[in-house]
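Engineer: The structure under discussion is supplied below as structure tokens; questions concerning it will follow.
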Amino acid sequence: MKSSLLTRPFYFLWTTQTAANAADVLYIMALTVLVLDRTGSLVSAALMPLMRSGAQMVSGLIAPLLINRFKLPTLLLMSQTGQFVLFVCLAVYLKLNGDGASLIAVFTLVFAMSFLDGWTVPARNALVPRLVAHEQGLLKANGLISVSDQVVQFAGWGLSGVIVAFMGANSTLLLTAFVYGLAAAFTLGVKEPKHSDRTRRSPSGQTETAPDMNEAVPSSRWHTLTEGWKLIWRMPRLRLLTFMDVVDMLGGSVWVGAFTLAFVQIALRQGEEWWGFINAAYFAGTVGGGLLVLALNRIIGSRYLAAMLTGMAGYGILTAFYALNTQPFIALILVLLMGPFAELSIINRRTLIQRSVAKLMLPKVLSAQATLLHLVFCISLLVMAGLAEQFGIVNLYLAAAGLTLLALLVGLLGYRTFHDAEAAGAAND
């Protein structure tokens, strides 16, 4: 696939999101250390990710109102600039007040930043189809974004720990403010093609001309807020893809640190160092998986559904073997192999969603899905913790494997619906 399929504005989008993700990792690590040092309470530190998910969920609920009012690049710029300004305020406040800083003020600023961040992923994923020169570049674009996301996660947590230890939490926050500033600056290069608001690909694969956003018939706020949700419910493809995403999130929460640590200690009978090895192997596998999808771009072609189902099957089976295994070295190999299958599933599912919805409606659909997934993640953490205590950590991972295989079964049962849509889209490429 030629690189010309990806436009210059796409590379600006890719860069700004990579910088923003790196800044997120840095500031979460720095604030976690700061809160732990101040309170000595793991509960207080755990409030931060929970608060972030809650803020992003609320943000996703009202995002359609903003999508109706602003173009996606403008919305992305507002989000990144707002986060930069708020973070500068946070860093300066902590630098000036030191140990006297109020945690209520810190958490309030974190909530506000997370609220703004709730627009970025739906806006980014909705912009991707508009910034590729041809739909054949869509899989490549999603693969590149996924690889950069995983690299930041894989390298970021380790490097951020070193940076915090070397520079201290307060100085790390100032460095993070600079990275947020870079992210906001790169957002200025994200320019949406003028024709993208006027043309779109319909769910059946046909090219349609759509009215300009400013010429659209005014609608009630309730209609605007629920439009994406209604479309997900009305379209069988979207309903099934969303269900698969929900199931993945339910099962995927077993890879949260507390669960993986419990599995290493109980099932593998190893210490915390093997917890680090398992996490590193999992992220390395996902990075390798993203690169594999890029390498297989031509082979996959428009067979997104077959690739997605293959990824889900491999991931579910390997998770089951991981749950039943008691040898640490074999566990490392299994999680390393899971990564490519997980990425094959995630990247192709994202591409399928982007191809199933008209471009003007895609931001609202993605906002609805993001809100739902944030809610499911919060619920899943509580449910999985209860299941682990009741039935044991091994059975928890077996349940996660079963959930993935259940989603695979749903995909196989709905194969014809997806296949017809893929064939229609391929015929019009």
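Ordering of the structure tokens sets the chain letters (A, B, ...); residue numbers start at 1 within each chain; ligands are numbered from 1 in the order shown.
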I need the residues of stretch 165-314 of chain A that end up classed as helix (DSSP H, G or I) by DSSP on the backbone, written out as a PyMOL selection string.
Structural biologist: chain A and resi 165-167+169-187+194-197+213-215+221-234+236-255+257-266+272-295+297-300+304-314
Engineer: Within 9 Å of A:Arg8, counting only C-alpha atoms, which residues qualify if same-chain residues fewer than 3 places away don't, as a ChimeraX atom specification?
Structural biologist: /A:11-13,131,189-191
Engineer: Can I get the selected residues back with all heavy atoms, as a CSV table (one decimal), in the first residue's frame?
Structural biologist:
chain,number,residue,atom,x,y,z
A,11,TYR,N,-1.1,12.7,9.1
A,11,TYR,CA,0.2,12.5,9.9
A,11,TYR,C,0.2,13.6,11.0
A,11,TYR,O,0.8,13.3,12.1
A,11,TYR,CB,1.4,12.7,9.0
A,11,TYR,CG,1.6,11.4,8.1
A,11,TYR,CD1,1.4,11.5,6.7
A,11,TYR,CD2,2.0,10.2,8.7
A,11,TYR,CE1,1.6,10.3,6.0
A,11,TYR,CE2,2.2,9.1,7.9
A,11,TYR,CZ,2.0,9.2,6.6
A,11,TYR,OH,2.2,8.0,5.8
A,12,PHE,N,-0.4,14.7,10.8
A,12,PHE,CA,-0.5,15.7,11.9
A,12,PHE,C,-1.4,15.1,13.0
A,12,PHE,O,-1.1,15.3,14.2
A,12,PHE,CB,-1.0,17.0,11.4
A,12,PHE,CG,0.0,18.0,10.9
A,12,PHE,CD1,0.1,18.3,9.6
A,12,PHE,CD2,0.9,18.6,11.8
A,12,PHE,CE1,1.1,19.1,9.1
A,12,PHE,CE2,1.8,19.5,11.3
A,12,PHE,CZ,1.9,19.7,10.0
A,13,LEU,N,-2.5,14.5,12.6
A,13,LEU,CA,-3.4,13.9,13.6
A,13,LEU,C,-2.7,12.8,14.3
A,13,LEU,O,-2.8,12.7,15.6
A,13,LEU,CB,-4.6,13.3,12.8
A,13,LEU,CG,-5.7,12.6,13.7
A,13,LEU,CD1,-6.4,13.6,14.6
A,13,LEU,CD2,-6.7,11.9,12.8
A,131,LEU,N,-9.4,11.7,6.4
A,131,LEU,CA,-8.1,12.2,6.1
A,131,LEU,C,-7.2,11.1,5.3
A,131,LEU,O,-6.0,11.3,5.2
A,131,LEU,CB,-7.3,12.5,7.4
A,131,LEU,CG,-8.0,13.6,8.3
A,131,LEU,CD1,-7.2,13.9,9.5
A,131,LEU,CD2,-8.2,14.9,7.5
A,189,GLY,N,-2.3,21.6,12.4
A,189,GLY,CA,-2.1,21.0,11.1
A,189,GLY,C,-3.1,20.0,10.6
A,189,GLY,O,-3.1,19.6,9.4
A,190,VAL,N,-4.1,19.7,11.5
A,190,VAL,CA,-5.2,18.8,11.1
A,190,VAL,C,-6.3,19.6,10.3
A,190,VAL,O,-7.1,20.3,11.0
A,190,VAL,CB,-5.8,18.1,12.3
A,190,VAL,CG1,-6.9,17.1,11.9
A,190,VAL,CG2,-4.7,17.4,13.1
A,191,LYS,N,-6.2,19.5,9.0
A,191,LYS,CA,-7.2,20.2,8.2
A,191,LYS,C,-8.1,19.2,7.5
A,191,LYS,O,-7.6,18.4,6.8
A,191,LYS,CB,-6.5,21.1,7.2
A,191,LYS,CG,-5.5,22.1,7.8
A,191,LYS,CD,-6.2,23.2,8.6
A,191,LYS,CE,-5.2,24.2,9.1
A,191,LYS,NZ,-5.8,25.2,9.9
Engineer: Which is closest to A:Val164 among A:Gly311, A:Leu34, A:Ala63, A:Leu318, if we use only C-alpha atoms?
Structural biologist: A:Leu34
Engineer: Pull the closest atom pair for each residue of stretch 272-386 of chain A that gets at most 10 Å from stretch 67-86 of chain A, along with the distance in Å to one decimal, counting only C-alpha atoms, ordering rows by chain and then ascending residue number, as JSON lines.
Structural biologist:
{"residue": "A:Leu360", "atom": "CA", "partner": "A:Ile67", "partner_atom": "CA", "distance": 9.6}
{"residue": "A:Met361", "atom": "CA", "partner": "A:Ile67", "partner_atom": "CA", "distance": 9.6}
{"residue": "A:Pro363", "atom": "CA", "partner": "A:Ile67", "partner_atom": "CA", "distance": 7.1}
{"residue": "A:Lys364", "atom": "CA", "partner": "A:Ile67", "partner_atom": "CA", "distance": 7.3}
{"residue": "A:Ser367", "atom": "CA", "partner": "A:Ile67", "partner_atom": "CA", "distance": 9.5}
Engineer: From the list A:Leu291, A:Asn97, A:Met312, A:Thr120, which residue is nearest A:Thr187 when using only C-alpha atoms?
Structural biologist: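 For A:Thr187, the nearest of the given residues is A:Thr120.
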Engineer: Between A:Ile353, A:Leu409, A:Ala105, A:Val287, which residue has the minimum interatomic distance to A:Leu238, considering only C-alpha atoms?
Structural biologist: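 Selected residue with least distance to A:Leu238: A:Ile353.
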Engineer: Using only C-alpha atoms, which residues sit within 10 Å of A:Lys95 once same-chain residues fewer than 6 positions away are excluded, as an NGL selection string?
Structural biologist: :A and (89 or 101 or 169-171 or 173-174)
Engineer: Neighbouring residues of A:Val132 were defined as those with any atom within 8 Å, considering only C-alpha atoms; residues of the same chain fewer than 4 positions away were excluded. Please report them as a PyMOL selection string.
Structural biologist: chain A and resi 5-7+10+128+137-138+141
Engineer: Kindly export the residues of the current selection with all heavy atoms, as a tab-separated table (two decimals), in the first residue's frame.
Structural biologist:
chain	number	residue	atom	x	y	z
A	5	LEU	N	-1.54	7.13	0.13
A	5	LEU	CA	-2.93	6.95	0.54
A	5	LEU	C	-3.22	7.72	1.83
A	5	LEU	O	-4.38	7.99	2.14
A	5	LEU	CB	-3.24	5.46	0.74
A	5	LEU	CG	-3.22	4.59	-0.53
A	5	LEU	CD1	-3.42	3.13	-0.15
A	5	LEU	CD2	-4.28	5.03	-1.51
A	6	LEU	N	-2.17	8.06	2.58
A	6	LEU	CA	-2.33	8.80	3.82
A	6	LEU	C	-1.89	10.24	3.59
A	6	LEU	O	-0.80	10.50	3.10
A	6	LEU	CB	-1.48	8.15	4.93
A	6	LEU	CG	-1.77	6.67	5.19
A	6	LEU	CD1	-0.90	6.16	6.32
A	6	LEU	CD2	-3.23	6.43	5.49
A	7	THR	N	-2.75	11.17	3.96
A	7	THR	CA	-2.51	12.58	3.68
A	7	THR	C	-1.67	13.24	4.76
A	7	THR	O	-1.50	12.70	5.87
A	7	THR	CB	-3.85	13.32	3.56
A	7	THR	OG1	-4.53	13.23	4.81
A	7	THR	CG2	-4.72	12.72	2.46
A	10	PHE	N	-3.43	13.74	8.02
A	10	PHE	CA	-3.49	12.52	8.83
A	10	PHE	C	-2.25	12.38	9.70
A	10	PHE	O	-2.34	12.02	10.88
A	10	PHE	CB	-3.64	11.27	7.96
A	10	PHE	CG	-3.39	9.99	8.72
A	10	PHE	CD1	-4.37	9.48	9.57
A	10	PHE	CD2	-2.16	9.34	8.65
A	10	PHE	CE1	-4.12	8.33	10.32
A	10	PHE	CE2	-1.91	8.20	9.40
A	10	PHE	CZ	-2.90	7.69	10.23
A	128	VAL	N	-10.26	9.96	10.90
A	128	VAL	CA	-9.37	9.10	10.12
A	128	VAL	C	-9.92	8.80	8.72
A	128	VAL	O	-9.21	8.98	7.72
A	128	VAL	CB	-9.05	7.80	10.88
A	128	VAL	CG1	-8.34	6.79	9.98
A	128	VAL	CG2	-8.18	8.10	12.09
A	137	GLY	N	-6.64	2.89	2.20
A	137	GLY	CA	-5.66	3.29	3.20
A	137	GLY	C	-6.19	3.29	4.61
A	137	GLY	O	-5.45	3.57	5.56
A	138	LEU	N	-7.48	2.97	4.79
A	138	LEU	CA	-8.11	3.06	6.10
A	138	LEU	C	-7.51	2.06	7.09
A	138	LEU	O	-7.23	2.40	8.24
A	138	LEU	CB	-9.62	2.85	5.97
A	138	LEU	CG	-10.48	3.15	7.18
A	138	LEU	CD1	-10.23	4.56	7.71
A	138	LEU	CD2	-11.96	2.97	6.84
A	141	ALA	N	-4.08	3.25	8.09
A	141	ALA	CA	-4.16	4.37	9.02
A	141	ALA	C	-4.50	3.90	10.43
A	141	ALA	O	-3.87	4.31	11.41
A	141	ALA	CB	-5.20	5.37	8.53
Engineer: At a cut-off of 9 Å, using only C-alpha atoms, what residues contact A:Ile333? Leave out same-chain residues fewer than 5 positions from it and give the result as a tab-separated table (two decimals) with C-alpha atoms, in the first residue's frame.
Structural biologist:
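out.tsv, freshly written:
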chain	number	residue	atom	x	y	z
A	281	ALA	CA	5.24	-9.31	27.03
A	328	PRO	CA	5.72	-18.89	33.92
A	338	MET	CA	-2.10	-12.92	22.21
